[in-house]
Amino acid sequence: MSRVSLLLMLACLLAGRTQGKQPVQGAVKKTCDSGIILKLSSAATSQGSLLLAEISGAKPSQEFTAEWDGRPIPLWRKTPASPTIHALLGVDLEKPAGRYEWKLSWSAADGKPIACSLPVTVRAGKFPIERLTVEKQFVQPDPEQQKRAEEDQKKMKAIYDTVTPEVLWKGKFVLPLKGVSTGGNFGRRRVLNGEARSPHAGVDFPAATGTPVYAAQSGRVVLAENLYYSGDTVVIDHGYGIYTLYAHLSEIAVKAGDPVEASAEIGKVGATGRVTGPHLHWGLTIDHARVNALQIVQRQP
């Protein structure tokens with residue numbers, strides 16, 4: 001194993017002891033008009049975290065709209081007749097600390113509009129600074145490389161702008177590598193070749209080149225190609241604005257449009273794109289919010 005790979009592995013093991021864990025907070029709930037009850041997994045959380053939301057007491061025919069910090073949030077029932085409605089609230093990695101609201105709106109039997117909300121306190125995350133040396137082209141790209149990177153960014157934005165209005169996952173989300181229990185480096189503030197860059201938005205799993213990579217859940221492949229910074233990359237749409245990303249692959253075993261099942265092999269670990277050694281970068285995006293992917297395994301939707 002190379003010195004770089006060993007250092008990456010040690011960093012991930014140390015970071016994994018604390019990353020992916022939200023502050024200890026009890027669930028909070030509120031009873032609204034018409035017997036509707038709102039519930040959140042926590043009243044206070046940190047940047048880059050995931051909150052589970054539930055609405056209970058609803059009739060099967062009732063329709064609701066939800067907002068998180070002014071943005072519409074998808075809602076779903078596990079069965080059409082279920083009295084419980086579910087949602088996921090993603091707290092972006094760089095969301096400013098402060099007080100926000102999860103708001104629900106619906107109509108009473110007489111057509112009168114009703115609204116109810118729960119506050120959420122977002123706290124600043126405690127992320128270490130990571131200083132790395134990478135190839136110069138990945139810090140100071142030439143005009144052609146910069147144009148390619150910008151096109152990649154637009155492509156990813158278009159993907160995340162699309163919300164598939166159905167559940168594509170089945171059961172529990174799982175880690176994308178066999179034999180691992182945690183990963184690290186999420187949220188680290190990166191300094192590359194002495195220049196500050198955007199924070200690290202994924203979880204890193206150190207592994208040898210060629211190690212099989214598996215889908216964390218069922219869904220549909222929406223991207224399977226080489227991107228400038230993330231190298232050979234796969235993105236899977238799991239429905240309702242939930243996307244997982246698998247980057248720096250050495251091989252891609254799927255193509256855009258393919259349906260995939262949970263734990264299906266989608267590629268192999270590599271060192272393509274902006275890297276210092278072979279590893280899997282695993283990302284989770286929920287309604288554009290970059291969230292610690294470990295939490296979707298720990299806190300099921």
# chains A, B, ... in the order shown; residues from 1 in each chain; ligands from 1

$ closest_atom_pairs --of "region 178-272 of chain A" --to "region 280-283 of chain A" --cutoff "9 Å" --atoms "only C-alpha atoms" --output "JSON lines"
{"residue": "A:Ala201", "atom": "CA", "partner": "A:Gly283", "partner_atom": "CA", "distance": 6.6}
{"residue": "A:Gly202", "atom": "CA", "partner": "A:Gly283", "partner_atom": "CA", "distance": 4.3}
{"residue": "A:Val203", "atom": "CA", "partner": "A:Trp282", "partner_atom": "CA", "distance": 5.1}
{"residue": "A:Asp204", "atom": "CA", "partner": "A:His281", "partner_atom": "CA", "distance": 4.7}
{"residue": "A:Phe205", "atom": "CA", "partner": "A:Leu280", "partner_atom": "CA", "distance": 5.1}
{"residue": "A:Pro206", "atom": "CA", "partner": "A:Leu280", "partner_atom": "CA", "distance": 6.5}
{"residue": "A:Ala207", "atom": "CA", "partner": "A:Leu280", "partner_atom": "CA", "distance": 7.1}
{"residue": "A:Val213", "atom": "CA", "partner": "A:Leu280", "partner_atom": "CA", "distance": 8.0}
{"residue": "A:Ser230", "atom": "CA", "partner": "A:His281", "partner_atom": "CA", "distance": 8.4}
{"residue": "A:Tyr243", "atom": "CA", "partner": "A:Gly283", "partner_atom": "CA", "distance": 8.1}
{"residue": "A:Thr244", "atom": "CA", "partner": "A:Gly283", "partner_atom": "CA", "distance": 5.5}
{"residue": "A:Leu245", "atom": "CA", "partner": "A:Gly283", "partner_atom": "CA", "distance": 4.7}
{"residue": "A:Tyr246", "atom": "CA", "partner": "A:Trp282", "partner_atom": "CA", "distance": 4.9}
{"residue": "A:Ala247", "atom": "CA", "partner": "A:His281", "partner_atom": "CA", "distance": 5.1}
{"residue": "A:His248", "atom": "CA", "partner": "A:Leu280", "partner_atom": "CA", "distance": 6.3}
{"residue": "A:Leu249", "atom": "CA", "partner": "A:Leu280", "partner_atom": "CA", "distance": 7.0}
{"residue": "A:Lys268", "atom": "CA", "partner": "A:Leu280", "partner_atom": "CA", "distance": 8.6}
{"residue": "A:Val269", "atom": "CA", "partner": "A:Leu280", "partner_atom": "CA", "distance": 5.6}
{"residue": "A:Gly270", "atom": "CA", "partner": "A:Leu280", "partner_atom": "CA", "distance": 7.2}
{"residue": "A:Ala271", "atom": "CA", "partner": "A:Leu280", "partner_atom": "CA", "distance": 8.4}

$ residues_around --residues "Gln217 (chain A)" --least-positions-apart "4" --cutoff "6 Å" --atoms "only C-alpha atoms" --output "ChimeraX atom specification"
/A:169,173,262

$ write_last_selection --atoms "C-alpha atoms" --output "compact mmCIF listing (two decimals), in the first residue's frame"
# COMPACT_ATOMS: atom_id res chain seq x y z
CA TRP A 169 -35.69 2.70 -3.44
CA PHE A 173 -29.79 2.05 2.14
CA ALA A 262 -29.67 -2.29 -4.30

$ atom_distance --atom1 "CA of Lys29 (chain A)" --atom2 "CA of Ile55 (chain A)"
9.5 Å

$ closest_residue --among "A:Leu51, A:Ala108, A:Ile73, A:Ala216" --to "Leu177 (chain A)" --atoms "only C-alpha atoms"
A:Ala216

$ residues_around --residues "Trp68 (chain A)" --least-positions-apart "3" --cutoff "8 Å" --atoms "only C-alpha atoms" --output "MDAnalysis selection string"
chainID A and resid 71:73 89 100:103

$ select_by_dssp --residues "region 33-262 of chain A" --states "strand (DSSP E)" --output "PyMOL selection string"
chain A and resi 37-40+44-46+50-56+65-68+71-73+85-90+98-107+113-123+129-132+189-192+195-196+202-206+212-214+219-227+231-237+242-252+259-260

$ residues_around --residues "Thr162 (chain A)" --least-positions-apart "5" --cutoff "12 Å" --atoms "only C-alpha atoms" --output "ChimeraX atom specification"
/A:74,155-157,222,237-243,285-288
